[in-house]
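> Data file entry-v4.cif (mmCIF, C-alpha atoms) is appended below.
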```cif
data_protein
loop_
_atom_site.label_atom_id
_atom_site.label_comp_id
_atom_site.auth_asym_id
_atom_site.auth_seq_id
_atom_site.Cartn_x
_atom_site.Cartn_y
_atom_site.Cartn_z
CA PRO A 1382 -33.23 8.48 -31.16
CA GLU A 1383 -34.34 11.16 -28.69
CA TRP A 1384 -32.06 11.70 -25.67
CA PRO A 1385 -33.85 9.65 -22.98
CA THR A 1386 -35.94 11.60 -20.50
CA LEU A 1387 -35.24 11.52 -16.79
CA GLY A 1388 -36.97 8.98 -14.60
CA ASN A 1389 -36.39 6.02 -16.87
CA THR A 1390 -33.50 3.59 -16.76
CA ASP A 1391 -30.04 4.13 -18.16
CA TYR A 1392 -29.21 2.69 -21.56
CA ALA A 1393 -25.41 2.93 -21.52
CA PHE A 1394 -22.43 2.16 -19.32
CA GLU A 1395 -18.87 3.40 -19.47
CA MET A 1396 -15.56 1.86 -18.58
CA ALA A 1397 -13.13 4.00 -16.59
CA ILE A 1398 -9.93 2.64 -15.09
CA SER A 1399 -6.49 3.88 -14.17
CA ASN A 1400 -3.50 2.83 -16.18
CA ILE A 1401 -1.86 -0.04 -14.35
CA ARG A 1402 1.62 -1.48 -14.52
CA TYR A 1403 2.41 -4.87 -13.04
CA GLY A 1404 5.70 -6.59 -12.32
CA GLU A 1405 8.16 -7.59 -9.61
CA GLY A 1406 10.22 -4.54 -8.78
CA VAL A 1407 8.32 -2.00 -10.92
CA THR A 1408 8.35 0.38 -7.94
CA LYS A 1409 11.88 1.38 -8.90
CA GLU A 1410 10.48 3.06 -12.03
CA ILE A 1411 8.46 5.62 -10.07
CA GLY A 1412 11.22 8.26 -9.99
CA MET A 1413 11.43 8.11 -13.78
CA ASP A 1414 7.64 8.35 -14.08
CA LEU A 1415 7.69 11.55 -12.03
CA GLN A 1416 10.52 12.92 -14.18
CA ASN A 1417 8.49 12.09 -17.27
CA LEU A 1418 5.56 14.01 -15.78
CA GLY A 1419 7.87 16.97 -15.15
CA ALA A 1420 7.00 16.87 -11.46
CA ARG A 1421 8.83 19.49 -9.36
CA ARG A 1422 7.11 19.14 -5.98
CA VAL A 1423 5.82 15.71 -5.07
CA CYS A 1424 3.66 14.73 -2.11
CA LEU A 1425 4.42 11.20 -0.85
CA MET A 1426 1.63 9.80 1.34
CA THR A 1427 1.79 6.73 3.55
CA ASP A 1428 1.03 5.64 7.12
CA LYS A 1429 3.24 5.36 10.22
CA ASN A 1430 3.61 1.55 10.03
CA LEU A 1431 4.49 1.46 6.36
CA SER A 1432 6.92 4.36 6.57
CA LYS A 1433 9.43 1.92 8.12
CA LEU A 1434 8.78 -0.98 5.73
CA PRO A 1435 10.33 -2.09 2.40
CA PRO A 1436 7.60 -0.70 0.06
CA VAL A 1437 8.11 2.90 1.21
CA ASN A 1438 11.84 2.36 1.21
CA ALA A 1439 11.73 1.22 -2.43
CA VAL A 1440 9.83 4.40 -3.37
CA LEU A 1441 12.21 6.64 -1.40
CA ASN A 1442 15.21 5.02 -3.13
CA SER A 1443 13.69 5.63 -6.55
CA LEU A 1444 12.85 9.27 -5.75
CA ALA A 1445 16.40 9.85 -4.44
CA LYS A 1446 18.03 8.15 -7.41
CA HIS A 1447 16.15 10.39 -9.86
CA GLY A 1448 16.51 13.59 -7.83
CA ILE A 1449 12.80 14.06 -7.19
CA ASN A 1450 11.96 16.83 -4.72
CA PHE A 1451 9.25 15.57 -2.37
CA GLN A 1452 7.58 16.03 1.01
CA MET A 1453 6.36 13.03 2.98
CA TYR A 1454 3.05 12.84 4.83
CA ASP A 1455 2.92 9.69 6.98
CA ASN A 1456 -0.01 10.57 9.18
CA VAL A 1457 -2.67 8.65 7.23
CA ARG A 1458 -5.08 6.88 9.56
CA VAL A 1459 -5.91 3.21 8.90
CA GLU A 1460 -9.69 3.31 8.25
CA PRO A 1461 -9.66 7.11 7.71
CA THR A 1462 -12.13 9.60 9.19
CA ASP A 1463 -13.37 12.98 7.94
CA GLN A 1464 -10.87 14.56 10.37
CA SER A 1465 -7.92 12.49 9.10
CA PHE A 1466 -8.89 13.37 5.49
CA LEU A 1467 -9.02 17.08 6.44
CA ASP A 1468 -5.57 16.85 8.01
CA ALA A 1469 -4.10 15.39 4.79
CA ILE A 1470 -6.01 17.95 2.69
CA GLN A 1471 -4.48 20.75 4.78
CA PHE A 1472 -0.99 19.34 4.13
CA ALA A 1473 -1.69 19.10 0.38
CA LYS A 1474 -3.03 22.66 0.16
CA LYS A 1475 0.02 24.07 1.95
CA GLY A 1476 2.50 22.10 -0.16
CA GLU A 1477 1.24 23.27 -3.58
CA PHE A 1478 2.26 19.93 -5.08
CA ASP A 1479 2.24 19.11 -8.77
CA ALA A 1480 2.08 15.31 -8.31
CA TYR A 1481 1.13 12.76 -5.64
CA VAL A 1482 2.40 9.31 -4.76
CA ALA A 1483 0.36 7.10 -2.40
CA VAL A 1484 2.08 4.03 -0.92
CA GLY A 1485 -0.19 1.82 1.16
CA GLY A 1486 -3.52 0.06 1.36
CA GLY A 1487 -6.89 1.55 0.50
CA SER A 1488 -6.73 3.93 3.46
CA VAL A 1489 -3.61 5.65 2.12
CA ILE A 1490 -4.68 5.69 -1.53
CA ASP A 1491 -8.16 7.02 -0.66
CA THR A 1492 -6.72 9.74 1.60
CA CYS A 1493 -4.39 10.82 -1.19
CA LYS A 1494 -7.27 10.98 -3.71
CA ALA A 1495 -9.18 13.28 -1.35
CA ALA A 1496 -6.11 15.45 -0.71
CA ASN A 1497 -5.53 15.82 -4.46
CA LEU A 1498 -9.19 16.71 -5.07
CA TYR A 1499 -9.58 19.38 -2.40
CA ALA A 1500 -6.14 20.91 -3.04
CA ALA A 1501 -7.25 21.27 -6.69
CA SER A 1502 -10.55 22.82 -5.61
CA PRO A 1503 -9.49 25.04 -2.69
CA SER A 1504 -12.72 27.03 -2.46
CA SER A 1505 -14.90 23.90 -2.08
CA GLU A 1506 -16.45 22.93 1.24
CA PHE A 1507 -15.59 19.40 2.37
CA LEU A 1508 -19.19 18.16 1.94
CA ASP A 1509 -19.46 19.44 -1.63
CA TYR A 1510 -18.02 16.27 -3.16
CA VAL A 1511 -19.10 13.75 -0.49
CA ASN A 1512 -21.75 11.29 -1.71
CA ALA A 1513 -25.38 12.30 -1.28
CA PRO A 1514 -27.45 12.10 0.91
CA ILE A 1515 -24.68 12.77 3.48
CA GLY A 1516 -22.89 15.34 1.31
CA LYS A 1517 -23.88 17.27 -1.81
CA GLY A 1518 -22.38 14.80 -4.31
CA LYS A 1519 -21.39 17.55 -6.77
CA PRO A 1520 -19.68 16.44 -9.99
CA VAL A 1521 -15.94 17.18 -10.12
CA THR A 1522 -15.10 19.65 -12.88
CA VAL A 1523 -11.67 20.89 -11.72
CA PRO A 1524 -8.47 19.37 -13.16
CA LEU A 1525 -6.52 17.25 -10.64
CA LYS A 1526 -2.77 16.62 -10.44
CA PRO A 1527 -1.30 13.25 -11.44
CA LEU A 1528 -1.49 10.61 -8.69
CA ILE A 1529 0.57 7.42 -8.74
CA ALA A 1530 -0.80 4.73 -6.42
CA VAL A 1531 1.40 1.93 -5.09
CA PRO A 1532 -0.81 -0.63 -3.31
CA THR A 1533 0.81 -2.63 -0.50
CA THR A 1534 -2.21 -4.82 0.28
CA SER A 1535 -4.17 -7.09 -2.04
CA GLY A 1536 -7.65 -5.87 -1.32
CA THR A 1537 -9.25 -2.57 -2.10
CA GLY A 1538 -8.28 -2.22 -5.74
CA SER A 1539 -8.22 1.50 -4.92
CA GLU A 1540 -5.38 2.02 -7.41
CA THR A 1541 -7.87 1.52 -10.26
CA THR A 1542 -11.02 3.28 -8.98
CA GLY A 1543 -12.49 6.75 -8.53
CA VAL A 1544 -13.77 6.10 -5.02
CA ALA A 1545 -12.43 7.29 -1.64
CA ILE A 1546 -14.07 6.03 1.57
CA PHE A 1547 -13.91 7.47 5.11
CA ASP A 1548 -15.69 7.34 8.47
CA PHE A 1549 -17.94 10.34 9.03
CA LYS A 1550 -17.42 10.57 12.76
CA GLU A 1551 -20.43 12.56 13.90
CA LEU A 1552 -22.85 10.23 12.11
CA LYS A 1553 -20.78 7.12 13.01
CA VAL A 1554 -21.09 5.97 9.45
CA LYS A 1555 -18.73 5.40 6.56
CA THR A 1556 -19.33 7.30 3.36
CA GLY A 1557 -17.09 8.58 0.59
CA ILE A 1558 -16.44 10.46 -2.58
CA ALA A 1559 -17.10 8.77 -5.92
CA SER A 1560 -16.03 10.35 -9.17
CA ARG A 1561 -14.10 9.14 -12.21
CA ALA A 1562 -12.07 12.37 -11.88
CA ILE A 1563 -10.26 11.21 -8.72
CA LYS A 1564 -8.98 7.87 -9.99
CA PRO A 1565 -5.19 7.54 -9.94
CA THR A 1566 -3.24 8.29 -13.11
CA LEU A 1567 -1.21 5.11 -12.67
CA GLY A 1568 -1.34 2.10 -10.37
CA ILE A 1569 2.04 0.46 -9.74
CA ILE A 1570 1.25 -3.16 -8.90
CA ASP A 1571 4.44 -4.63 -7.50
CA PRO A 1572 3.95 -8.11 -5.99
CA LEU A 1573 7.14 -7.69 -3.92
CA HIS A 1574 5.12 -5.43 -1.61
CA THR A 1575 2.83 -8.28 -0.63
CA LEU A 1576 5.71 -10.04 1.10
CA SER A 1577 5.60 -7.61 4.03
CA MET A 1578 1.88 -8.29 4.76
CA PRO A 1579 1.02 -10.19 7.97
CA GLU A 1580 -1.35 -13.16 7.76
CA ARG A 1581 -4.59 -11.47 8.91
CA ILE A 1582 -4.05 -8.50 6.64
CA VAL A 1583 -3.70 -10.92 3.70
CA ALA A 1584 -6.93 -12.60 4.80
CA ASN A 1585 -9.01 -9.48 5.37
CA SER A 1586 -7.85 -7.74 2.22
CA GLY A 1587 -8.53 -10.96 0.28
CA PHE A 1588 -12.10 -10.98 1.62
CA ASP A 1589 -12.55 -7.51 0.16
CA VAL A 1590 -11.50 -8.84 -3.26
CA LEU A 1591 -13.93 -11.75 -2.85
CA CYS A 1592 -16.85 -9.44 -2.07
CA HIS A 1593 -15.91 -6.90 -4.76
CA ALA A 1594 -16.10 -9.70 -7.31
CA LEU A 1595 -19.30 -11.30 -5.97
CA GLU A 1596 -21.16 -8.03 -5.46
CA SER A 1597 -20.27 -6.50 -8.82
CA TYR A 1598 -21.19 -9.71 -10.64
CA THR A 1599 -24.60 -9.88 -8.90
CA ALA A 1600 -25.35 -6.13 -8.91
CA LEU A 1601 -28.44 -4.67 -10.57
CA PRO A 1602 -27.78 -4.62 -14.34
CA TYR A 1603 -26.72 -1.18 -15.65
CA ASN A 1604 -29.77 -0.90 -17.93
CA GLU A 1605 -32.14 -1.36 -14.98
CA ARG A 1606 -30.57 1.46 -12.94
CA SER A 1607 -32.52 4.70 -12.82
CA PRO A 1608 -32.64 7.59 -13.31
CA CYS A 1609 -31.00 7.89 -16.69
CA PRO A 1610 -28.54 10.80 -16.35
CA SER A 1611 -29.57 14.02 -18.10
CA ASN A 1612 -25.88 14.63 -18.84
CA PRO A 1613 -23.04 12.06 -18.97
CA ILE A 1614 -21.17 13.88 -16.16
CA ASN A 1615 -23.98 12.72 -13.87
CA ARG A 1616 -23.66 9.04 -14.73
CA PRO A 1617 -22.49 7.48 -11.46
CA ALA A 1618 -19.11 5.76 -11.15
CA TYR A 1619 -21.03 2.72 -9.87
CA GLN A 1620 -23.33 1.84 -12.76
CA GLY A 1621 -24.55 -1.70 -12.08
CA SER A 1622 -23.34 -4.99 -13.53
CA ASN A 1623 -22.35 -4.76 -17.16
CA PRO A 1624 -20.63 -7.00 -19.71
CA VAL A 1625 -17.16 -5.50 -19.21
CA SER A 1626 -17.18 -5.57 -15.41
CA ASP A 1627 -18.53 -9.13 -15.47
CA VAL A 1628 -15.39 -10.37 -17.22
CA TRP A 1629 -13.11 -8.85 -14.55
CA ALA A 1630 -15.28 -9.90 -11.61
CA LEU A 1631 -15.45 -13.54 -12.69
CA HIS A 1632 -11.74 -13.68 -13.40
CA ALA A 1633 -10.94 -12.16 -10.00
CA LEU A 1634 -13.23 -14.71 -8.34
CA ARG A 1635 -11.38 -17.58 -10.02
CA ILE A 1636 -8.03 -16.26 -8.77
CA VAL A 1637 -9.41 -15.85 -5.22
CA ALA A 1638 -10.72 -19.42 -5.31
CA LYS A 1639 -7.35 -20.73 -6.42
CA TYR A 1640 -4.90 -18.60 -4.44
CA LEU A 1641 -6.40 -16.85 -1.38
CA LYS A 1642 -6.05 -19.77 1.04
CA ARG A 1643 -2.50 -20.40 -0.14
CA ALA A 1644 -1.54 -16.73 0.22
CA ILE A 1645 -2.86 -16.65 3.79
CA ARG A 1646 -1.39 -19.94 4.94
CA ASN A 1647 2.08 -19.54 3.53
CA PRO A 1648 3.73 -16.10 3.51
CA GLU A 1649 6.53 -17.59 1.38
CA ASP A 1650 4.11 -18.59 -1.40
CA ARG A 1651 5.13 -15.87 -3.81
CA GLU A 1652 2.99 -17.18 -6.66
CA ALA A 1653 -0.17 -17.03 -4.53
CA ARG A 1654 0.61 -13.59 -3.14
CA ALA A 1655 1.50 -12.18 -6.57
CA ASN A 1656 -1.75 -13.53 -8.03
CA MET A 1657 -3.85 -12.06 -5.20
CA HIS A 1658 -2.19 -8.68 -5.80
CA LEU A 1659 -3.29 -8.83 -9.42
CA ALA A 1660 -6.75 -10.14 -8.48
CA SER A 1661 -7.24 -7.07 -6.31
CA ALA A 1662 -6.70 -4.81 -9.33
CA PHE A 1663 -8.90 -7.03 -11.55
CA ALA A 1664 -11.75 -6.88 -9.04
CA GLY A 1665 -11.16 -3.11 -8.79
CA ILE A 1666 -11.66 -2.76 -12.53
CA GLY A 1667 -14.89 -4.75 -12.18
CA PHE A 1668 -16.47 -3.09 -9.16
CA GLY A 1669 -15.02 0.35 -9.94
CA ASN A 1670 -17.49 0.47 -12.83
CA ALA A 1671 -20.27 -1.90 -11.74
CA GLY A 1672 -20.28 -1.00 -8.04
CA VAL A 1673 -20.88 -3.11 -4.98
CA HIS A 1674 -24.13 -3.56 -3.06
CA LEU A 1675 -25.34 -4.91 0.28
CA CYS A 1676 -22.19 -6.44 1.82
CA HIS A 1677 -20.48 -3.08 1.37
CA GLY A 1678 -23.51 -0.96 2.28
CA MET A 1679 -23.95 -2.92 5.53
CA SER A 1680 -20.22 -2.99 6.25
CA TYR A 1681 -19.98 0.78 6.69
CA PRO A 1682 -21.93 0.93 9.97
CA ILE A 1683 -20.23 -2.32 11.10
CA SER A 1684 -16.90 -0.46 10.92
CA GLY A 1685 -18.31 2.89 11.99
CA LEU A 1686 -19.98 1.67 15.20
CA VAL A 1687 -17.05 -0.49 16.38
CA LYS A 1688 -16.68 -0.54 20.16
CA THR A 1689 -13.54 -2.27 21.41
CA TYR A 1690 -12.58 -4.77 18.71
CA LYS A 1691 -8.86 -4.76 17.82
CA PRO A 1692 -7.85 -7.23 15.13
CA LYS A 1693 -4.81 -9.47 15.27
CA ASP A 1694 -1.80 -8.34 13.17
CA TYR A 1695 -2.93 -4.69 12.92
CA ASN A 1696 -0.62 -2.29 14.71
CA VAL A 1697 -3.12 0.52 15.49
CA ASP A 1698 -3.92 2.66 18.53
CA HIS A 1699 -7.71 2.69 17.98
CA SER A 1700 -10.30 -0.08 17.81
CA LEU A 1701 -11.26 -0.96 14.27
CA VAL A 1702 -12.96 -3.64 12.20
CA PRO A 1703 -10.79 -4.14 9.10
CA HIS A 1704 -12.80 -3.26 6.02
CA GLY A 1705 -12.58 -6.69 4.38
CA LEU A 1706 -13.77 -8.39 7.57
CA SER A 1707 -16.71 -6.00 7.99
CA VAL A 1708 -17.73 -6.78 4.41
CA VAL A 1709 -17.40 -10.56 4.38
CA LEU A 1710 -19.24 -11.28 7.66
CA THR A 1711 -22.61 -10.47 6.09
CA SER A 1712 -21.89 -12.22 2.77
CA PRO A 1713 -23.62 -15.57 3.51
CA ALA A 1714 -26.82 -13.78 4.57
CA VAL A 1715 -26.67 -11.24 1.74
CA PHE A 1716 -26.25 -13.71 -1.12
CA ALA A 1717 -28.91 -16.02 0.31
CA PHE A 1718 -31.18 -12.93 0.13
CA THR A 1719 -30.24 -11.64 -3.34
CA ALA A 1720 -30.16 -15.01 -5.11
CA GLN A 1721 -33.83 -15.08 -6.05
CA ILE A 1722 -32.84 -12.48 -8.68
CA HIS A 1723 -30.34 -13.98 -11.16
CA PRO A 1724 -29.97 -17.28 -9.27
CA GLU A 1725 -27.84 -18.65 -12.12
CA ARG A 1726 -25.14 -16.03 -11.40
CA HIS A 1727 -25.14 -16.99 -7.72
CA LEU A 1728 -24.84 -20.66 -8.62
CA GLU A 1729 -21.99 -19.94 -11.03
CA ALA A 1730 -20.15 -18.05 -8.25
CA ALA A 1731 -20.67 -20.97 -5.83
CA GLU A 1732 -19.24 -23.36 -8.40
CA ILE A 1733 -16.14 -21.20 -8.92
CA LEU A 1734 -15.66 -21.19 -5.14
CA GLY A 1735 -15.73 -24.99 -5.09
CA ALA A 1736 -19.36 -26.06 -4.72
CA ASP A 1737 -20.52 -29.16 -6.60
CA ILE A 1738 -23.61 -27.90 -8.45
CA ARG A 1739 -24.23 -30.91 -10.74
CA THR A 1740 -27.43 -31.86 -8.93
CA ALA A 1741 -28.26 -28.39 -7.61
CA ARG A 1742 -31.72 -26.92 -8.07
CA ILE A 1743 -31.77 -23.35 -9.32
CA LYS A 1744 -34.04 -22.28 -6.47
CA ASP A 1745 -31.37 -23.33 -3.94
CA ALA A 1746 -28.72 -21.05 -5.46
CA GLY A 1747 -28.69 -18.67 -2.49
CA LEU A 1748 -28.35 -21.38 0.14
CA ILE A 1749 -25.63 -23.12 -1.84
CA LEU A 1750 -23.58 -19.92 -2.23
CA ALA A 1751 -24.14 -19.01 1.44
CA ASP A 1752 -22.94 -22.46 2.59
CA THR A 1753 -19.94 -22.30 0.27
CA LEU A 1754 -18.97 -18.90 1.74
CA ARG A 1755 -19.45 -20.14 5.32
CA LYS A 1756 -17.19 -23.11 4.70
CA PHE A 1757 -14.61 -20.85 3.04
CA LEU A 1758 -14.59 -18.51 6.07
CA PHE A 1759 -14.58 -21.35 8.58
CA ASP A 1760 -11.52 -22.89 6.90
CA LEU A 1761 -9.74 -19.56 7.32
CA ASN A 1762 -10.74 -19.20 11.03
CA VAL A 1763 -12.70 -16.00 10.54
CA ASP A 1764 -14.46 -14.62 13.64
CA ASP A 1765 -17.87 -16.27 14.10
CA GLY A 1766 -20.12 -13.47 12.88
CA LEU A 1767 -20.92 -10.00 14.17
CA ALA A 1768 -21.32 -11.32 17.73
CA ALA A 1769 -17.63 -12.25 17.76
CA ILE A 1770 -16.57 -8.69 16.98
CA GLY A 1771 -18.69 -7.17 19.73
CA TYR A 1772 -22.22 -6.70 18.35
CA SER A 1773 -25.50 -8.02 19.74
CA LYS A 1774 -29.19 -7.95 18.77
CA ALA A 1775 -29.52 -4.65 20.64
CA ASP A 1776 -27.23 -3.01 18.06
CA ILE A 1777 -29.32 -3.99 15.04
CA PRO A 1778 -31.44 -0.79 14.89
CA ALA A 1779 -28.27 1.34 14.88
CA LEU A 1780 -26.67 -0.88 12.22
CA VAL A 1781 -29.78 -0.57 10.04
CA LYS A 1782 -29.88 3.20 10.54
CA GLY A 1783 -26.23 3.40 9.44
CA THR A 1784 -26.98 1.39 6.28
CA LEU A 1785 -29.86 3.59 5.09
CA PRO A 1786 -27.71 6.52 3.89
CA GLN A 1787 -25.61 4.14 1.74
CA GLU A 1788 -27.97 4.46 -1.21
CA ARG A 1789 -25.13 4.79 -3.70
CA VAL A 1790 -24.48 1.08 -3.11
CA THR A 1791 -27.65 -0.38 -1.55
CA LYS A 1792 -29.68 0.71 -4.59
CA LEU A 1793 -27.44 -1.52 -6.70
CA SER A 1794 -28.67 -4.62 -4.90
CA PRO A 1795 -30.53 -6.72 -7.47
CA ARG A 1796 -33.30 -7.20 -4.89
CA PRO A 1797 -34.72 -4.09 -3.19
CA GLN A 1798 -34.69 -4.26 0.60
CA THR A 1799 -36.84 -2.81 3.39
CA GLU A 1800 -35.60 -1.84 6.86
CA GLU A 1801 -37.05 -5.16 8.08
CA ASP A 1802 -35.01 -7.03 5.47
CA LEU A 1803 -31.84 -5.26 6.63
CA SER A 1804 -32.63 -6.12 10.28
CA ALA A 1805 -33.05 -9.76 9.33
CA LEU A 1806 -29.75 -9.74 7.39
CA PHE A 1807 -27.85 -8.27 10.35
CA GLU A 1808 -29.51 -10.79 12.66
CA ALA A 1809 -28.60 -13.70 10.37
CA SER A 1810 -24.98 -12.46 10.39
CA MET A 1811 -24.58 -12.45 14.19
CA LYS A 1812 -23.36 -16.07 14.06
CA LEU A 1813 -21.99 -17.79 10.96
CA TYR A 1814 -21.16 -21.34 11.95
#
```
How does this structure look as structure tokens?

Amino acid sequence: PEWPTLGNTDYAFEMAISNIRYGEGVTKEIGMDLQNLGARRVCLMTDKNLSKLPPVNAVLNSLAKHGINFQMYDNVRVEPTDQSFLDAIQFAKKGEFDAYVAVGGGSVIDTCKAANLYAASPSSEFLDYVNAPIGKGKPVTVPLKPLIAVPTTSGTGSETTGVAIFDFKELKVKTGIASRAIKPTLGIIDPLHTLSMPERIVANSGFDVLCHALESYTALPYNERSPCPSNPINRPAYQGSNPVSDVWALHALRIVAKYLKRAIRNPEDREARANMHLASAFAGIGFGNAGVHLCHGMSYPISGLVKTYKPKDYNVDHSLVPHGLSVVLTSPAVFAFTAQIHPERHLEAAEILGADIRTARIKDAGLILADTLRKFLFDLNVDDGLAAIGYSKADIPALVKGTLPQERVTKLSPRPQTEEDLSALFEASMKLY
């Protein structure tokens, strides 16, 4: 067949994931991994809180035991900004490293991906690789150094994906870099690290897993996404729902349904916490290839425009809305809106999350999933909507304006949306209960 012409829909999808290794205590192998890579100068990235906690300690012990020469950067900002990325990039350029290790949540892993990318491409401007329309969205053609990611939260799945997200300060909006080239070489998924997570961090990172699974499963199918790339290097990392991502998303959703409440309520429940840690990677494999849509697209201005909100259990010096919270607060409204396309998928998700759908009518799929999500959040005492984290109706135009540049994800919504639709979704998310 002829190579398809531009302007029509794609006809293929590809599966890209990091290698991952799972097991209690696998962190102690990291020094040997770096030896096996022949690494001579290693950059270890983390944040100020974690630098004093057991996960970083376990990595330091392994590096020492195997004589690995490293420099530590612990200045990563939780919910990074363009400035905090640039600071880490500066460090990476100066250090001339031949391998990277990131120990932390999504903020640390994403910062390390960016540092690796720009150190490998020193003549590039910062905006060259940032997603269009905010940046130029150029494809990455330079070779990067190996990056080993050690997640300490059970949320972003960043150890498996080629995406790095940050707050673009001057526009007050989150954006990012998305390329298969920046995904970690290896994700070390060690459930022991979940034992140092406080309750709200378990909850908010779990909500991110929940939305990754729901959004990738309900995203626009890959063969309805346009344009078809003229060259495979231009096929986006986020391709739309596809048969491989579906498997991972559904499986992650089942684990969330079974274990998230247990992991939050009982820090000693090692089985629940270990399973959520794995679910985070599973959902990462799903959404890292399918993409996410409206909950994530709308979450970026919710985090970017934060005024004074400071969440419980987060030891930070700036106000922030944790990413998983900013994503989940719009989920009841979003899935009520998208369900008229593929209602059977929405109903299936509601059933996995505990809804009784034996007598359900297909046209009620959205309301059923929305109610199931509300009940789920209520049971876990989540703040009552956007109003509870400091937003009001007056903020809706700014929130909508901050969602519009998020085309990389909003275009993957199965149902196209106007600015009026977005306003209505933000309004419906002001109060949940």
> One number please: atom CA of A:Arg1616 to atom CA of A:Ser1680, in Å, one decimal.
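Going from atom CA of A:Arg1616 over to atom CA of A:Ser1680, I get 24.4 Å.
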> Identify the residues around (-24.6, -6.1, 12.2) within a radius of 10 Å, measuring from all atoms listed in the file in the coordinates stated by the file, and give them as a PyMOL selection string.
chain A and resi 1679-1684+1686+1707+1710-1711+1766-1768+1770-1781+1784+1803-1811
> Distance atom CA of A:Gly1518-atom CA of A:Glu1506, one decimal place?
11.5 Å
> In Å, how far is it from atom CA of A:Ala1501 to atom CA of A:Asp1455?
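According to the coordinates, atom CA of A:Ala1501 and atom CA of A:Asp1455 are separated by 20.6 Å.
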> Can you translate the PyMOL selection byres ((chain A and resi 1538-1554) around 8) into the concrete residues it hits in this file, as a PyMOL selection string?
chain A and resi 1397-1401+1460-1463+1466+1486-1488+1490-1492+1494-1495+1530-1532+1535-1537+1555-1565+1567-1569+1590+1618+1661-1666+1669+1681-1682+1684-1686+1783
> Starting from the shown file, work through the PyMOL selection byres ((chain A and resi 1447) around 9) and note down what comes out as an MDAnalysis selection string.
chainID A and resid 1412:1413 1415:1416 1442:1446 1448:1449
> If you apply the PyMOL selection byres ((chain A and resi 1727-1739) around 10) to this file, what residues do you get, as a PyMOL selection string?
chain A and resi 1591+1594-1595+1598-1599+1631-1632+1634-1639+1716-1717+1719-1726+1740-1754+1757
> Nearest residue to A:Gly1476 out of A:Asn1450, A:Cys1424, A:Ser1597, A:Thr1689, using all atoms listed in the file?
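Closest residue, counting all atoms listed in the file: A:Cys1424.
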> From the list A:Val1709, A:Val1715, A:Asp1802, A:Ser1505, which residue is nearest A:Phe1759 when using all atoms listed in the file?
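Distance minimum relative to A:Phe1759 lands on A:Val1709.
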> Using only C-alpha atoms, pick whichever of A:Cys1676, A:Ala1420, A:Leu1641, A:Ile1411 has the shortest atom-to-atom distance to A:Gly1705.
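Residue with the minimum atom-to-atom distance to A:Gly1705: A:Cys1676.
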> If we count all atoms listed in the file, what is near A:Glu1649 at a cut-off of 12 Å, once residues fewer than 2 positions away on the same chain are taken out, given as a list in words?
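Residues meeting the cut-off are Leu1573, Thr1575, Leu1576, Ser1577, Met1578, Pro1579, Glu1580, Arg1643, Ala1644, Ile1645, Arg1646, Asn1647, Arg1651, Glu1652, Ala1653, Arg1654 and Ala1655 of chain A.
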> With only C-alpha atoms as the atoms that count, which of A:Cys1493, A:Ala1584, A:Leu1758, A:Ile1529 lies nearest to A:Lys1693?
A:Ala1584
> Closest to A:Ala1496 among A:Asn1438, A:Thr1408, A:Thr1534, A:Ser1465, using all atoms listed in the file?
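For A:Ala1496, the nearest of the given residues is A:Ser1465.
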> Which is closer to A:His1593 than all the others in A:Gln1471, A:Asn1615, A:Asn1670, A:Ser1700, using only C-alpha atoms?
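Using only C-alpha atoms, A:His1593 sits closest to A:Asn1670.
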> Counting all atoms listed in the file, what is within 6 Å of A:His1674, bar same-chain residues fewer than 5 positions away, as a ChimeraX atom specification?
/A:1596,1790-1791,1793-1794
